[in-house]
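Here's the structure we're looking at; comments come further down.
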Amino acid sequence: PPAIDAANPARPMRGESTPPTSTPSQAEVPPTTATSDLSTLNAQLSTRSLTPLGRELARLPVDPTVGRMILQARTEKALREVLAIAAGLSIQDPRDRPLDKQQQADAAHRRFVHPDSDFLTLLNIWDTFHEEFENLSQAKLRRFCRDHFLSYTRMREWRDIHAQLLDSLRERDSFRPSSVFDGTPPTVGAALRRDEPPAGPSRHKAAPTPGDPLAFGTPAYRAIHRSILAGLLGNIAHLDEENGGYKATHDRRVNLFPGSVLHRREDPKKKSLNS
């Protein structure tokens, strides 16, 4: 599987994987980092033989990390949302931020921001792009991307990967289209409003608002993040309130990526007192 960017644990670095042509036998699984990853995903036993979950992963022509997200999304009935996010994590960030236009880019990107999740910010970009994709010509779509500081090339790459994931699932009878909004009224199941940026700070300690179906703590929010977390168990970290930063597995110390919506700049006064 691809390596994880230490500066941004939520985003795997780009890499290539070869789809398995058959279910690997015990003898075919070498004792490498890959087998450790499979154990983390609950796909391999200590005897190095695959679990039932591991055999399902082997039949999916995708990286095991992405495959684990998809399998959990099937259980959570969140396939539509998780497929889009998983495909987005497989490409370079589609947002452009030119050095000479950083403020304009930041202002344009606020349209997509979810205040409590980088993953749902990606989903907002996906949904907004496809709302425009259905109505605009290619020339106008390129202009839309340029005006909103999105890479048209990377958006097309995102669509291509998403289409490949969909095609692979259509061949499996056990997968049915599902969304966290299935069965909800249209006004509740609608995507977050795109015409205005989120107001105020993150709401992670506040109760979700009735008009925001993907607010922190809602069933839809939890289902999507449980699915993503299933594929990124090695990226879990605990806040170190005493020393700052986060403690991750194997005694690693990590920090939130500065571009994350959850990143909070340290108070200069506090920083000077600690130094």
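By convention in this document, the chains of the structure tokens carry letters A, B, ... by their order, each chain's residues are numbered from 1, and ligands are numbered from 1 in the order they are shown.
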Note to self: Quick one: residues within 12 Å of range 167-172 of chain A, only C-alpha atoms, excluding same-chain residues fewer than 5 positions away - as a PyMOL selection string?
What the structure shows: chain A and resi 19+56-57+59-62+67+70-71+74+79-80+83+160-162+177
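DSSP on the backbone gives strand (DSSP E) for these parts of range 96-252 of chain A: A:Ala237, A:His238, A:Leu239, A:Tyr246, A:Lys247, A:Ala248.
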I need the residues from that last selection saved to file as a compact mmCIF listing (two decimals), in the first residue's frame (with all heavy atoms), if you can.
```txt
# COMPACT_ATOMS: atom_id res chain seq x y z
N ALA A 237 -4.09 8.93 16.53
CA ALA A 237 -3.17 9.59 17.46
C ALA A 237 -3.97 10.21 18.59
O ALA A 237 -5.14 10.56 18.43
CB ALA A 237 -2.35 10.66 16.74
N HIS A 238 -3.33 10.32 19.75
CA HIS A 238 -3.97 10.92 20.93
C HIS A 238 -3.36 12.28 21.20
O HIS A 238 -2.14 12.46 21.10
CB HIS A 238 -3.77 10.02 22.16
CG HIS A 238 -4.40 8.67 22.04
ND1 HIS A 238 -5.73 8.44 22.27
CD2 HIS A 238 -3.86 7.47 21.67
CE1 HIS A 238 -5.99 7.16 22.08
NE2 HIS A 238 -4.88 6.55 21.71
N LEU A 239 -4.21 13.23 21.56
CA LEU A 239 -3.74 14.57 21.89
C LEU A 239 -2.89 14.52 23.16
O LEU A 239 -3.30 13.96 24.18
CB LEU A 239 -4.93 15.50 22.09
CG LEU A 239 -4.60 16.94 22.53
CD1 LEU A 239 -3.81 17.65 21.45
CD2 LEU A 239 -5.88 17.70 22.85
N TYR A 246 0.56 15.41 19.07
CA TYR A 246 -0.19 14.16 19.19
C TYR A 246 0.77 12.98 19.28
O TYR A 246 1.85 12.98 18.71
CB TYR A 246 -1.10 13.97 17.97
CG TYR A 246 -2.23 14.97 17.89
CD1 TYR A 246 -2.01 16.25 17.39
CD2 TYR A 246 -3.51 14.66 18.34
CE1 TYR A 246 -3.03 17.19 17.32
CE2 TYR A 246 -4.54 15.58 18.28
CZ TYR A 246 -4.30 16.84 17.77
OH TYR A 246 -5.32 17.76 17.71
N LYS A 247 0.34 11.96 20.03
CA LYS A 247 1.08 10.71 20.13
C LYS A 247 0.41 9.67 19.24
O LYS A 247 -0.79 9.39 19.39
CB LYS A 247 1.10 10.21 21.58
CG LYS A 247 1.91 11.06 22.53
CD LYS A 247 1.87 10.46 23.94
CE LYS A 247 2.68 11.29 24.92
NZ LYS A 247 2.61 10.73 26.30
N ALA A 248 1.19 9.08 18.33
CA ALA A 248 0.67 8.07 17.43
C ALA A 248 1.28 6.71 17.78
O ALA A 248 2.03 6.58 18.76
CB ALA A 248 0.99 8.45 15.99
```
Next item on the list: May I have the residues within 6 Å of range 89-100 of chain A as a VMD selection string, using only C-alpha atoms and disregarding those fewer than 6 positions away in the same chain?
Entry: chain A and resid 11 149 to 151 154
Mind writing the picked residues with all heavy atoms as a PDB file, in the first residue's frame?
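This is the output file out31.pdb:
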```
ATOM      1  N   ARG A  11      -3.839  11.813   4.654  1.00  0.00           N
ATOM      2  CA  ARG A  11      -3.702  11.690   3.204  1.00  0.00           C
ATOM      3  C   ARG A  11      -2.545  10.773   2.852  1.00  0.00           C
ATOM      4  O   ARG A  11      -1.391  11.095   3.101  1.00  0.00           O
ATOM      5  CB  ARG A  11      -3.454  13.069   2.577  1.00  0.00           C
ATOM      6  CG  ARG A  11      -3.253  13.005   1.068  1.00  0.00           C
ATOM      7  CD  ARG A  11      -3.108  14.395   0.502  1.00  0.00           C
ATOM      8  NE  ARG A  11      -4.335  15.138   0.687  1.00  0.00           N
ATOM      9  CZ  ARG A  11      -5.392  15.029  -0.106  1.00  0.00           C
ATOM     10  NH1 ARG A  11      -5.352  14.213  -1.131  1.00  0.00           N
ATOM     11  NH2 ARG A  11      -6.466  15.717   0.118  1.00  0.00           N
ATOM     12  N   PHE A 149      -9.766  28.010  -8.086  1.00  0.00           N
ATOM     13  CA  PHE A 149      -8.425  27.513  -7.794  1.00  0.00           C
ATOM     14  C   PHE A 149      -8.425  25.993  -7.573  1.00  0.00           C
ATOM     15  O   PHE A 149      -7.922  25.486  -6.569  1.00  0.00           O
ATOM     16  CB  PHE A 149      -7.835  28.250  -6.585  1.00  0.00           C
ATOM     17  CG  PHE A 149      -7.543  29.694  -6.858  1.00  0.00           C
ATOM     18  CD1 PHE A 149      -8.527  30.670  -6.691  1.00  0.00           C
ATOM     19  CD2 PHE A 149      -6.293  30.087  -7.325  1.00  0.00           C
ATOM     20  CE1 PHE A 149      -8.264  32.003  -6.962  1.00  0.00           C
ATOM     21  CE2 PHE A 149      -6.026  31.422  -7.602  1.00  0.00           C
ATOM     22  CZ  PHE A 149      -7.013  32.385  -7.430  1.00  0.00           C
ATOM     23  N   LEU A 150      -9.047  25.296  -8.512  1.00  0.00           N
ATOM     24  CA  LEU A 150      -9.027  23.839  -8.548  1.00  0.00           C
ATOM     25  C   LEU A 150      -8.283  23.406  -9.804  1.00  0.00           C
ATOM     26  O   LEU A 150      -8.411  24.029 -10.858  1.00  0.00           O
ATOM     27  CB  LEU A 150     -10.449  23.259  -8.581  1.00  0.00           C
ATOM     28  CG  LEU A 150     -11.366  23.577  -7.394  1.00  0.00           C
ATOM     29  CD1 LEU A 150     -12.767  23.038  -7.663  1.00  0.00           C
ATOM     30  CD2 LEU A 150     -10.807  22.993  -6.106  1.00  0.00           C
ATOM     31  N   SER A 151      -7.518  22.343  -9.691  1.00  0.00           N
ATOM     32  CA  SER A 151      -6.809  21.814 -10.851  1.00  0.00           C
ATOM     33  C   SER A 151      -7.766  20.981 -11.696  1.00  0.00           C
ATOM     34  O   SER A 151      -8.262  19.951 -11.236  1.00  0.00           O
ATOM     35  CB  SER A 151      -5.624  20.958 -10.409  1.00  0.00           C
ATOM     36  OG  SER A 151      -5.114  20.200 -11.492  1.00  0.00           O
ATOM     37  N   ARG A 154      -6.399  17.424 -12.188  1.00  0.00           N
ATOM     38  CA  ARG A 154      -6.533  16.525 -11.037  1.00  0.00           C
ATOM     39  C   ARG A 154      -7.989  16.178 -10.768  1.00  0.00           C
ATOM     40  O   ARG A 154      -8.286  15.069 -10.291  1.00  0.00           O
ATOM     41  CB  ARG A 154      -5.872  17.151  -9.806  1.00  0.00           C
ATOM     42  CG  ARG A 154      -4.360  17.242  -9.948  1.00  0.00           C
ATOM     43  CD  ARG A 154      -3.675  17.456  -8.612  1.00  0.00           C
ATOM     44  NE  ARG A 154      -3.864  18.788  -8.077  1.00  0.00           N
ATOM     45  CZ  ARG A 154      -3.072  19.825  -8.327  1.00  0.00           C
ATOM     46  NH1 ARG A 154      -2.035  19.685  -9.138  1.00  0.00           N
ATOM     47  NH2 ARG A 154      -3.304  21.001  -7.774  1.00  0.00           N
TER      48      ARG A 154
END
```
Next item on the list: Could you give me, as a ChimeraX atom specification, the residues within 8 Å of range 220-225 of chain A, counting only C-alpha atoms and dropping anything in the same chain fewer than 6 positions from it?
Entry: /A:73,76-78,81-82,180-181,213-214
Next item on the list: Identify which of the residues A:Leu256, A:Ala108, A:Val66, A:Ala87 lies closest to Leu232 in chain A, counting only C-alpha atoms when measuring atom-to-atom distances.
Entry: A:Val66
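The two atoms in question, CA of Gly259 in chain A and CA of Pro219 in chain A, are spaced 26.3 Å apart.
Of the residues under consideration (A:Phe216, A:Asn235, A:His263, A:Phe257), A:Phe216 shows the shortest atom-to-atom contact distance to Asp116 in chain A when counting only C-alpha atoms.
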